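start-v8.pdb (PDB, C-alpha atoms) appears below.
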MODEL        1
ATOM      1  CA  GLN A 598     -14.718   3.885 -19.600
ATOM      2  CA  LYS A 599     -12.402   6.496 -18.071
ATOM      3  CA  ARG A 600      -9.375   7.492 -20.111
ATOM      4  CA  GLY A 601      -6.316   5.391 -19.264
ATOM      5  CA  VAL A 602      -8.088   3.394 -16.532
ATOM      6  CA  ASN A 603      -8.899  -0.301 -16.492
ATOM      7  CA  PRO A 604     -12.708  -0.757 -16.236
ATOM      8  CA  LYS A 605     -12.190  -2.725 -13.014
ATOM      9  CA  LEU A 606     -10.735   0.427 -11.434
ATOM     10  CA  ALA A 607     -13.666   2.629 -12.424
ATOM     11  CA  ASP A 608     -14.955   2.944  -8.849
ATOM     12  CA  SER A 609     -11.616   4.263  -7.616
ATOM     13  CA  SER A 610     -11.425   6.616 -10.579
ATOM     14  CA  ASN A 611     -14.933   7.964  -9.922
ATOM     15  CA  LEU A 612     -14.044   8.573  -6.271
ATOM     16  CA  GLU A 613     -10.936  10.577  -7.155
ATOM     17  CA  ARG A 614     -12.816  12.440  -9.886
ATOM     18  CA  ASN A 615     -15.501  13.537  -7.427
ATOM     19  CA  ARG A 616     -12.853  14.595  -4.906
ATOM     20  CA  PHE A 617     -11.050  16.790  -7.423
ATOM     21  CA  GLN A 618     -14.295  18.153  -8.825
ATOM     22  CA  GLN A 619     -14.958  19.563  -5.339
ATOM     23  CA  VAL A 620     -11.392  20.895  -5.085
ATOM     24  CA  LEU A 621     -11.680  22.664  -8.447
ATOM     25  CA  ASP A 622     -15.111  24.039  -7.577
ATOM     26  CA  SER A 623     -13.761  25.533  -4.356
ATOM     27  CA  SER A 624     -10.817  27.004  -6.301
ATOM     28  CA  LYS A 625     -13.167  28.400  -8.976
ATOM     29  CA  VAL A 626     -11.617  26.314 -11.744
ATOM     30  CA  ASN A 627     -14.098  25.345 -14.457
ATOM     31  CA  ALA A 628     -14.490  24.525 -18.152
ATOM     32  CA  THR A 629     -14.239  28.200 -19.064
ATOM     33  CA  ASN A 630     -10.962  29.079 -17.363
ATOM     34  CA  PHE A 631      -9.014  25.839 -16.755
ATOM     35  CA  ARG A 632      -6.798  26.300 -19.850
ATOM     36  CA  ARG A 633      -5.842  29.811 -18.781
ATOM     37  CA  ILE A 634      -5.066  28.582 -15.263
ATOM     38  CA  LEU A 635      -2.877  25.747 -16.633
ATOM     39  CA  ALA A 636      -0.907  28.213 -18.758
ATOM     40  CA  ASP A 637      -0.386  30.714 -15.924
ATOM     41  CA  GLU A 638       3.057  30.057 -14.370
ATOM     42  CA  SER A 639       2.977  32.883 -11.841
ATOM     43  CA  ALA A 640       3.987  32.037  -8.264
ATOM     44  CA  GLU A 641       0.527  33.008  -6.983
ATOM     45  CA  ASN A 642      -1.161  30.385  -9.179
ATOM     46  CA  LYS A 643      -0.766  27.433  -6.800
ATOM     47  CA  ILE A 644      -3.708  25.480  -8.188
ATOM     48  CA  GLY A 645      -2.317  25.735 -11.730
ATOM     49  CA  LYS A 646       1.087  24.450 -10.588
ATOM     50  CA  PHE A 647      -0.532  21.494  -8.841
ATOM     51  CA  LEU A 648      -2.780  20.662 -11.795
ATOM     52  CA  ARG A 649       0.131  20.712 -14.261
ATOM     53  CA  LYS A 650       1.777  17.976 -12.179
ATOM     54  CA  SER A 651      -1.460  15.993 -11.937
ATOM     55  CA  VAL A 652      -1.877  15.077 -15.620
ATOM     56  CA  SER A 653       0.350  13.177 -18.017
ATOM     57  CA  ILE A 654      -1.663  11.740 -20.909
ATOM     58  CA  ASP A 655      -2.793  14.334 -23.507
ATOM     59  CA  TYR A 656      -0.890  17.100 -21.730
ATOM     60  CA  ASP A 657       1.445  19.311 -23.768
ATOM     61  CA  SER A 658       4.108  20.341 -21.245
ATOM     62  CA  ALA A 659       5.705  22.824 -23.651
ATOM     63  CA  ALA A 660       2.475  24.709 -24.331
ATOM     64  CA  LYS A 661       1.169  24.098 -20.786
ATOM     65  CA  GLN A 662      -2.108  22.916 -22.279
ATOM     66  CA  PHE A 663      -4.336  19.861 -22.055
ATOM     67  CA  ASN A 664      -5.544  18.410 -25.342
ATOM     68  CA  GLY A 665      -9.116  17.630 -24.392
ATOM     69  CA  SER A 666     -12.282  18.877 -22.760
ATOM     70  CA  PHE A 667     -12.706  19.841 -19.115
ATOM     71  CA  ASP A 668     -14.489  16.543 -18.391
ATOM     72  CA  GLU A 669     -11.595  14.652 -19.980
ATOM     73  CA  PHE A 670      -9.206  16.767 -17.914
ATOM     74  CA  LEU A 671     -10.966  15.649 -14.714
ATOM     75  CA  ASP A 672     -10.915  12.062 -15.949
ATOM     76  CA  GLU A 673      -7.156  12.234 -16.517
ATOM     77  CA  ILE A 674      -6.471  13.701 -13.061
ATOM     78  CA  ALA A 675      -8.423  10.813 -11.521
ATOM     79  CA  ALA A 676      -6.822   8.238 -13.819
ATOM     80  CA  ASN A 677      -3.322   9.494 -13.010
ATOM     81  CA  ILE A 678      -3.921   9.078  -9.266
ATOM     82  CA  VAL A 679      -5.468   5.627  -9.714
ATOM     83  CA  ARG A 680      -2.582   4.452 -11.891
ATOM     84  CA  ASN A 681      -0.140   5.456  -9.158
ATOM     85  CA  ASN A 682      -2.125   4.560  -6.027
ATOM     86  CA  VAL A 683      -4.001   1.348  -6.855
ATOM     87  CA  PRO A 684      -2.070  -1.934  -7.341
ATOM     88  CA  ASN A 685      -1.896  -2.991 -10.971
ATOM     89  CA  TYR A 686       0.342  -5.842 -12.143
ATOM     90  CA  SER A 687       0.975  -4.009 -15.424
ATOM     91  CA  TYR A 688       3.176  -1.515 -13.573
ATOM     92  CA  ILE A 689       5.694  -3.784 -11.839
ATOM     93  CA  GLY A 690       8.525  -2.569 -14.092
ATOM     94  CA  ARG A 691      11.291  -4.266 -16.058
ATOM     95  CA  ALA A 692      13.123  -5.628 -13.004
ATOM     96  CA  GLY A 693       9.940  -7.212 -11.685
ATOM     97  CA  ARG A 694       9.078  -8.751 -15.049
ATOM     98  CA  ALA A 695      12.619 -10.113 -15.390
ATOM     99  CA  LEU A 696      12.456 -11.623 -11.903
ATOM    100  CA  ARG A 697       9.178 -13.334 -12.752
ATOM    101  CA  LEU A 698      10.996 -15.143 -15.573
ATOM    102  CA  SER A 699      13.907 -16.185 -13.364
ATOM    103  CA  PRO A 700      14.102 -19.393 -11.278
ATOM    104  CA  PHE A 701      13.654 -17.262  -8.152
ATOM    105  CA  GLY A 702      10.699 -15.469  -6.674
ATOM    106  CA  ASN A 703       7.083 -16.399  -5.921
ATOM    107  CA  PHE A 704       4.111 -14.084  -6.455
ATOM    108  CA  ILE A 705       6.438 -11.070  -6.624
ATOM    109  CA  ALA A 706       4.078  -8.733  -8.505
ATOM    110  CA  PHE A 707       1.766  -8.222  -5.522
ATOM    111  CA  PRO A 708       4.362  -7.140  -2.918
ATOM    112  CA  LEU A 709       6.103  -4.972  -5.508
ATOM    113  CA  GLU A 710       2.835  -3.183  -6.250
ATOM    114  CA  ILE A 711       2.020  -2.781  -2.559
ATOM    115  CA  LEU A 712       5.422  -1.162  -1.982
ATOM    116  CA  ARG A 713       5.011   1.091  -5.040
ATOM    117  CA  THR A 714       1.450   2.207  -4.339
ATOM    118  CA  GLY A 715       1.975   2.528  -0.571
ATOM    119  CA  ASN A 716       4.835   4.956  -1.179
ATOM    120  CA  ASN A 717       2.805   6.818  -3.819
ATOM    121  CA  ILE A 718      -0.215   7.251  -1.518
ATOM    122  CA  ILE A 719       1.983   8.791   1.167
ATOM    123  CA  GLU A 720       3.734  10.995  -1.401
ATOM    124  CA  GLN A 721       0.399  12.126  -2.886
ATOM    125  CA  GLY A 722      -0.939  13.015   0.551
ATOM    126  CA  ILE A 723       2.192  15.014   1.403
ATOM    127  CA  LYS A 724       2.006  16.930  -1.891
ATOM    128  CA  GLU A 725      -1.634  17.799  -1.256
ATOM    129  CA  ILE A 726      -0.962  18.926   2.322
ATOM    130  CA  HIS A 727       1.869  21.221   1.179
ATOM    131  CA  SER A 728       0.070  22.531  -1.915
ATOM    132  CA  GLY A 729      -0.976  25.760  -0.199
ATOM    133  CA  ILE A 730      -4.562  25.165  -1.348
ATOM    134  CA  PRO A 731      -7.004  24.728   1.586
ATOM    135  CA  ALA A 732      -9.272  22.205  -0.137
ATOM    136  CA  LEU A 733      -6.273  20.119  -1.221
ATOM    137  CA  GLU A 734      -4.680  20.322   2.219
ATOM    138  CA  LYS A 735      -7.884  18.907   3.695
ATOM    139  CA  LEU A 736      -7.911  16.136   1.087
ATOM    140  CA  GLY A 737      -4.260  15.289   1.818
ATOM    141  CA  HIS A 738      -4.892  14.941   5.556
ATOM    142  CA  LYS A 739      -7.910  12.760   4.826
ATOM    143  CA  ARG A 740      -5.900  10.582   2.414
ATOM    144  CA  LEU A 741      -3.062   9.983   4.895
ATOM    145  CA  LEU A 742      -5.469   9.363   7.777
ATOM    146  CA  SER A 743      -7.435   6.813   5.731
ATOM    147  CA  PHE A 744      -4.238   5.065   4.667
ATOM    148  CA  GLY A 745      -2.935   4.993   8.233
ATOM    149  CA  LEU A 746      -6.195   3.468   9.473
ATOM    150  CA  THR A 747      -6.150   0.844   6.730
ATOM    151  CA  VAL A 748      -2.527  -0.131   7.251
ATOM    152  CA  GLY A 749      -2.173   0.036  11.015
ATOM    153  CA  ALA A 750      -5.166   1.058  13.095
ATOM    154  CA  ILE A 751      -7.833  -1.298  11.748
ATOM    155  CA  PRO A 752      -5.757  -4.511  12.148
ATOM    156  CA  GLN A 753      -4.807  -3.450  15.672
ATOM    157  CA  ALA A 754      -8.418  -2.595  16.524
ATOM    158  CA  LEU A 755      -9.594  -6.008  15.303
ATOM    159  CA  ARG A 756      -6.884  -7.684  17.358
ATOM    160  CA  GLU A 757      -7.872  -5.811  20.523
ATOM    161  CA  THR A 758     -11.558  -6.526  19.900
ATOM    162  CA  GLY A 759     -10.794 -10.227  19.522
ATOM    163  CA  LYS A 760      -8.823 -10.167  22.764
ATOM    164  CA  ALA A 761     -11.679  -8.503  24.642
ATOM    165  CA  LEU A 762     -14.345 -10.840  23.295
ATOM    166  CA  ASN A 763     -12.330 -13.942  24.183
ATOM    167  CA  ASN A 764     -10.721 -12.746  27.430
ATOM    168  CA  ALA A 765      -7.282 -13.150  25.905
ATOM    169  CA  THR A 766      -4.337 -11.510  27.638
ATOM    170  CA  GLU A 767      -1.264 -10.063  25.952
ATOM    171  CA  ASP A 768       0.803 -12.844  27.542
ATOM    172  CA  GLU A 769      -1.421 -15.409  25.818
ATOM    173  CA  MET A 770      -1.005 -13.621  22.503
ATOM    174  CA  GLU A 771       2.770 -13.598  22.858
ATOM    175  CA  ALA A 772       2.732 -17.275  23.842
ATOM    176  CA  LEU A 773       0.540 -18.050  20.830
ATOM    177  CA  LYS A 774       3.271 -16.813  18.490
ATOM    178  CA  ARG A 775       5.601 -19.531  19.771
ATOM    179  CA  PHE A 776       3.245 -22.255  18.563
ATOM    180  CA  VAL A 777       1.881 -20.952  15.272
ATOM    181  CA  PRO A 778       3.428 -22.032  11.931
ATOM    182  CA  GLU A 779       6.616 -20.250  10.879
ATOM    183  CA  TRP A 780       4.807 -18.165   8.263
ATOM    184  CA  SER A 781       2.419 -16.744  10.894
ATOM    185  CA  LYS A 782       4.943 -15.751  13.560
ATOM    186  CA  ASN A 783       5.129 -12.158  12.362
ATOM    187  CA  SER A 784       1.502 -11.902  11.258
ATOM    188  CA  THR A 785      -1.374 -10.018  12.870
ATOM    189  CA  LEU A 786      -3.193 -12.711  14.836
ATOM    190  CA  ILE A 787      -6.805 -12.134  15.910
ATOM    191  CA  PRO A 788      -8.389 -14.350  18.612
ATOM    192  CA  VAL A 789     -11.692 -15.827  17.385
ATOM    193  CA  GLY A 790     -12.545 -18.241  20.205
ATOM    194  CA  ARG A 791     -11.293 -21.101  22.360
ATOM    195  CA  ASP A 792     -11.339 -24.855  21.909
ATOM    196  CA  GLU A 793     -12.714 -27.353  24.425
ATOM    197  CA  LYS A 794      -9.451 -27.227  26.363
ATOM    198  CA  GLY A 795      -9.513 -23.438  26.592
ATOM    199  CA  TYR A 796      -6.711 -22.866  24.095
ATOM    200  CA  LEU A 797      -7.012 -19.824  21.847
ATOM    201  CA  LYS A 798      -8.187 -20.205  18.266
ATOM    202  CA  TYR A 799      -7.006 -17.464  15.947
ATOM    203  CA  LEU A 800      -7.330 -15.900  12.524
ATOM    204  CA  ASP A 801      -4.200 -14.878  10.606
ATOM    205  CA  PHE A 802      -5.412 -11.462   9.467
ATOM    206  CA  SER A 803      -2.242 -10.790   7.480
ATOM    207  CA  TYR A 804      -3.413 -13.103   4.714
ATOM    208  CA  SER A 805      -6.427 -10.869   4.052
ATOM    209  CA  ASN A 806      -4.644  -7.551   4.633
ATOM    210  CA  ALA A 807      -3.323  -6.225   1.330
ATOM    211  CA  TYR A 808      -0.870  -3.853   3.033
ATOM    212  CA  ASP A 809       0.638  -6.447   5.356
ATOM    213  CA  THR A 810       3.819  -6.193   3.259
ATOM    214  CA  LEU A 811       4.343  -2.700   4.692
ATOM    215  CA  THR A 812       3.632  -3.543   8.340
ATOM    216  CA  ARG A 813       5.197  -7.003   8.651
ATOM    217  CA  PRO A 814       8.808  -5.718   8.940
ATOM    218  CA  LEU A 815       7.780  -3.504  11.873
ATOM    219  CA  GLN A 816       5.978  -6.429  13.505
ATOM    220  CA  THR A 817       9.080  -8.567  13.037
ATOM    221  CA  VAL A 818      11.258  -6.010  14.839
ATOM    222  CA  TYR A 819       8.704  -5.728  17.647
ATOM    223  CA  ASN A 820       8.535  -9.508  18.087
ATOM    224  CA  ALA A 821      12.306  -9.785  18.295
ATOM    225  CA  ILE A 822      12.419  -7.088  20.979
ATOM    226  CA  ALA A 823       9.533  -8.692  22.884
ATOM    227  CA  GLU A 824      11.369 -12.012  23.168
ATOM    228  CA  GLY A 825      13.017 -11.344  26.510
ATOM    229  CA  ALA A 826      15.006  -8.152  25.855
ATOM    230  CA  THR A 827      15.257  -6.276  29.167
ATOM    231  CA  THR A 828      18.517  -4.280  29.138
ATOM    232  CA  GLU A 829      19.622  -1.567  26.707
ATOM    233  CA  GLU A 830      22.198  -3.910  25.179
ATOM    234  CA  SER A 831      19.732  -6.754  24.746
ATOM    235  CA  VAL A 832      17.122  -4.432  23.280
ATOM    236  CA  LEU A 833      19.651  -3.115  20.733
ATOM    237  CA  GLU A 834      20.695  -6.662  19.930
ATOM    238  CA  ALA A 835      17.082  -7.760  19.574
ATOM    239  CA  SER A 836      16.341  -4.735  17.408
ATOM    240  CA  GLY A 837      19.259  -5.612  15.124
ATOM    241  CA  LYS A 838      18.055  -9.192  14.942
ATOM    242  CA  GLY A 839      14.567  -7.928  14.169
ATOM    243  CA  MET A 840      15.819  -5.738  11.329
ATOM    244  CA  LEU A 841      17.643  -8.692   9.777
ATOM    245  CA  LEU A 842      14.544 -10.864  10.071
ATOM    246  CA  ALA A 843      12.397  -8.045   8.714
ATOM    247  CA  THR A 844      14.668  -7.688   5.687
ATOM    248  CA  LYS A 845      14.460 -11.438   5.163
ATOM    249  CA  GLU A 846      10.656 -11.300   5.391
ATOM    250  CA  LEU A 847      10.523  -8.459   2.883
ATOM    251  CA  MET A 848      12.856 -10.176   0.424
ATOM    252  CA  LYS A 849      11.335 -13.644   0.754
ATOM    253  CA  PRO A 850       8.966 -13.376  -2.255
ATOM    254  CA  PHE A 851      11.873 -12.242  -4.442
ATOM    255  CA  SER A 852      14.726 -14.489  -3.267
ATOM    256  CA  GLU A 853      13.138 -17.889  -2.612
ATOM    257  CA  GLU A 854      13.296 -20.648  -5.163
ATOM    258  CA  SER A 855      10.179 -20.422  -7.324
ATOM    259  CA  ILE A 856       7.491 -23.065  -6.935
ATOM    260  CA  PHE A 857       8.090 -24.309 -10.484
ATOM    261  CA  THR A 858      11.883 -24.559 -10.020
ATOM    262  CA  GLN A 859      11.470 -26.316  -6.667
ATOM    263  CA  ALA A 860       8.989 -28.828  -8.102
ATOM    264  CA  LEU A 861      11.198 -29.477 -11.143
ATOM    265  CA  THR A 862      14.295 -29.972  -8.971
ATOM    266  CA  GLU A 863      12.530 -32.393  -6.675
ATOM    267  CA  SER A 864      11.031 -34.357  -9.548
ATOM    268  CA  VAL A 865      14.394 -34.706 -11.299
ATOM    269  CA  PHE A 866      16.753 -35.215  -8.367
ATOM    270  CA  GLY A 867      14.362 -36.684  -5.820
ATOM    271  CA  ARG A 868      13.283 -35.588  -2.375
ATOM    272  CA  GLY A 869      15.496 -33.676   0.015
ATOM    273  CA  VAL A 870      17.377 -31.747  -2.681
TER     274      VAL A 870
ENDMDL
END
What does this structure look like when you write it as structure tokens?
Amino acid sequence: QKRGVNPKLADSSNLERNRFQQVLDSSKVNATNFRRILADESAENKIGKFLRKSVSIDYDSAAKQFNGSFDEFLDEIAANIVRNNVPNYSYIGRAGRALRLSPFGNFIAFPLEILRTGNNIIEQGIKEIHSGIPALEKLGHKRLLSFGLTVGAIPQALRETGKALNNATEDEMEALKRFVPEWSKNSTLIPVGRDEKGYLKYLDFSYSNAYDTLTRPLQTVYNAIAEGATTEESVLEASGKGMLLATKELMKPFSEESIFTQALTESVFGRGV
């Protein structure tokens, strides 16, 4: 088991460990000299500066030293990234835990973690790109590109593929959103076929897309603008409406009456309350 990492996250930890093993190899950091590099605070030592910010457990910030072997050092670098970049309900924070105990909020841990880790992935990529270390810059670009594909490009590609395979036009897709359930209006809808009357059948991809929490507000704004806005004033009005709806979508898991509270209220006071 990797230090500080849940066994279920071992694959992610191994991936990050292998990535940073290559970075350290290219920077000529190894078991013999890594302690000296950590302790060197000179401006030219860019890799040392980055590594000092990449470990937390077993790191003595005063002495600028890591209390463990080189292999354990690599494990901690990987574990630190996984803790910050992979959703884990143990890290939702005090506010999230308090909200889970309140009469409001449904399934709040997941969207909170998606928001936390999504921001951390972007921040990690930016730090790597601006590290001044060629191997890390390459890794940062790769990390941001992969995240961008996962969050935006892949859902859009699946949607366009579904449209092509089922001869669905954009007008049909926009019309479809007027008939789907309320919870799917701002989702990524993928055409999967047609019924006997020629009407589109669809898959709500947002329910299987972990990072839909990040893209749904943008989709909400787009949908509001697409609903007939033609002049500058109407577009601005639609955009404002979209932002309000997007905020509502984002806050829904945290502000709605919890399932337990709703069921208890209805059972005590009867239907319609």
Hits from the PyMOL selection byres ((chain A and resi 763-777) around 10), listed as a ChimeraX atom specification:
/A:756-762,778-791,796-799,801,820,823-824
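Across the structure, atom CA of A:Ser687 and atom CA of A:Glu669 are spaced 23.0 Å apart.
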Carefully work through the PyMOL selection byres ((chain A and resi 723) around 12) for this structure and note down the residues it includes, as a PyMOL selection string.
chain A and resi 716-722+724-729+733-742
Using only C-alpha atoms, please write the residues we just selected to a file, as an mmCIF file, keeping the file's coordinate frame.
data_model
loop_
_atom_site.group_PDB
_atom_site.id
_atom_site.type_symbol
_atom_site.label_atom_id
_atom_site.label_comp_id
_atom_site.auth_asym_id
_atom_site.auth_seq_id
_atom_site.Cartn_x
_atom_site.Cartn_y
_atom_site.Cartn_z
ATOM 1 C CA ASN A 716 4.835 4.956 -1.179
ATOM 2 C CA ASN A 717 2.805 6.818 -3.819
ATOM 3 C CA ILE A 718 -0.215 7.251 -1.518
ATOM 4 C CA ILE A 719 1.983 8.791 1.167
ATOM 5 C CA GLU A 720 3.734 10.995 -1.401
ATOM 6 C CA GLN A 721 0.399 12.126 -2.886
ATOM 7 C CA GLY A 722 -0.939 13.015 0.551
ATOM 8 C CA LYS A 724 2.006 16.930 -1.891
ATOM 9 C CA GLU A 725 -1.634 17.799 -1.256
ATOM 10 C CA ILE A 726 -0.962 18.926 2.322
ATOM 11 C CA HIS A 727 1.869 21.221 1.179
ATOM 12 C CA SER A 728 0.070 22.531 -1.915
ATOM 13 C CA GLY A 729 -0.976 25.760 -0.199
ATOM 14 C CA LEU A 733 -6.273 20.119 -1.221
ATOM 15 C CA GLU A 734 -4.680 20.322 2.219
ATOM 16 C CA LYS A 735 -7.884 18.907 3.695
ATOM 17 C CA LEU A 736 -7.911 16.136 1.087
ATOM 18 C CA GLY A 737 -4.260 15.289 1.818
ATOM 19 C CA HIS A 738 -4.892 14.941 5.556
ATOM 20 C CA LYS A 739 -7.910 12.760 4.826
ATOM 21 C CA ARG A 740 -5.900 10.582 2.414
ATOM 22 C CA LEU A 741 -3.062 9.983 4.895
ATOM 23 C CA LEU A 742 -5.469 9.363 7.777
#
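Under the PyMOL selection byres ((chain A and resi 714) around 8), the matching residues in the shown file are A:Asn681, A:Asn682, A:Val683, A:Pro684, A:Glu710, A:Ile711, A:Leu712, A:Arg713, A:Gly715, A:Asn716, A:Asn717, A:Ile718.
Separating atom CA of A:Pro708 from atom CA of A:Glu613 is a distance of 23.8 Å.
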May I ask which of the residues A:Ile751, A:Leu800, A:Leu621, A:Ala706 is the closest one to A:Gly645, counting only C-alpha atoms?
A:Leu621
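What separates atom CA of A:Ala636 from atom CA of A:Asp622 is a distance of 18.6 Å.
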How big is the axis-aligned box, and where does its centre sit, when it encloses all atoms of stretch 658-671 of chain A listed in the file and has 6 Å added on every side, reported in Å to one decimal as lines of an AutoDock Vina configuration file?
center_x = -4.4
center_y = 19.7
center_z = -20.0
size_x = 32.2
size_y = 22.1
size_z = 22.6
I'd like the neighbourhood of A:Ser609 as a PDB file with C-alpha atoms, in the coordinates of the input, where a residue qualifies if any of its atoms comes within 12 Å (using only C-alpha atoms), though same-chain residues fewer than 6 positions away should be ignored.
ATOM      1  CA  LYS A 599     -12.402   6.496 -18.071  1.00  0.00           C
ATOM      2  CA  VAL A 602      -8.088   3.394 -16.532  1.00  0.00           C
ATOM      3  CA  ASN A 603      -8.899  -0.301 -16.492  1.00  0.00           C
ATOM      4  CA  ASN A 615     -15.501  13.537  -7.427  1.00  0.00           C
ATOM      5  CA  ARG A 616     -12.853  14.595  -4.906  1.00  0.00           C
ATOM      6  CA  ASP A 672     -10.915  12.062 -15.949  1.00  0.00           C
ATOM      7  CA  ALA A 675      -8.423  10.813 -11.521  1.00  0.00           C
ATOM      8  CA  ALA A 676      -6.822   8.238 -13.819  1.00  0.00           C
ATOM      9  CA  ASN A 677      -3.322   9.494 -13.010  1.00  0.00           C
ATOM     10  CA  ILE A 678      -3.921   9.078  -9.266  1.00  0.00           C
ATOM     11  CA  VAL A 679      -5.468   5.627  -9.714  1.00  0.00           C
ATOM     12  CA  ARG A 680      -2.582   4.452 -11.891  1.00  0.00           C
ATOM     13  CA  ASN A 681      -0.140   5.456  -9.158  1.00  0.00           C
ATOM     14  CA  ASN A 682      -2.125   4.560  -6.027  1.00  0.00           C
ATOM     15  CA  VAL A 683      -4.001   1.348  -6.855  1.00  0.00           C
ATOM     16  CA  PRO A 684      -2.070  -1.934  -7.341  1.00  0.00           C
TER      17      PRO A 684
END
List the spatial neighbours of A:Phe670 as a ChimeraX atom specification - criterion: any atom at most 12 Å away, all atoms listed in the file, same-chain residues fewer than 3 positions off excluded.
/A:599-601,614,617-618,621,626-628,631-632,635,648-649,651-656,662-667,673-677
Using C-alpha atoms, can you export the residues from the last selection as a CSV table (one decimal), keeping the file's coordinate frame?
chain,number,residue,atom,x,y,z
A,599,LYS,CA,-12.4,6.5,-18.1
A,600,ARG,CA,-9.4,7.5,-20.1
A,601,GLY,CA,-6.3,5.4,-19.3
A,614,ARG,CA,-12.8,12.4,-9.9
A,617,PHE,CA,-11.0,16.8,-7.4
A,618,GLN,CA,-14.3,18.2,-8.8
A,621,LEU,CA,-11.7,22.7,-8.4
A,626,VAL,CA,-11.6,26.3,-11.7
A,627,ASN,CA,-14.1,25.3,-14.5
A,628,ALA,CA,-14.5,24.5,-18.2
A,631,PHE,CA,-9.0,25.8,-16.8
A,632,ARG,CA,-6.8,26.3,-19.8
A,635,LEU,CA,-2.9,25.7,-16.6
A,648,LEU,CA,-2.8,20.7,-11.8
A,649,ARG,CA,0.1,20.7,-14.3
A,651,SER,CA,-1.5,16.0,-11.9
A,652,VAL,CA,-1.9,15.1,-15.6
A,653,SER,CA,0.4,13.2,-18.0
A,654,ILE,CA,-1.7,11.7,-20.9
A,655,ASP,CA,-2.8,14.3,-23.5
A,656,TYR,CA,-0.9,17.1,-21.7
A,662,GLN,CA,-2.1,22.9,-22.3
A,663,PHE,CA,-4.3,19.9,-22.1
A,664,ASN,CA,-5.5,18.4,-25.3
A,665,GLY,CA,-9.1,17.6,-24.4
A,666,SER,CA,-12.3,18.9,-22.8
A,667,PHE,CA,-12.7,19.8,-19.1
A,673,GLU,CA,-7.2,12.2,-16.5
A,674,ILE,CA,-6.5,13.7,-13.1
A,675,ALA,CA,-8.4,10.8,-11.5
A,676,ALA,CA,-6.8,8.2,-13.8
A,677,ASN,CA,-3.3,9.5,-13.0
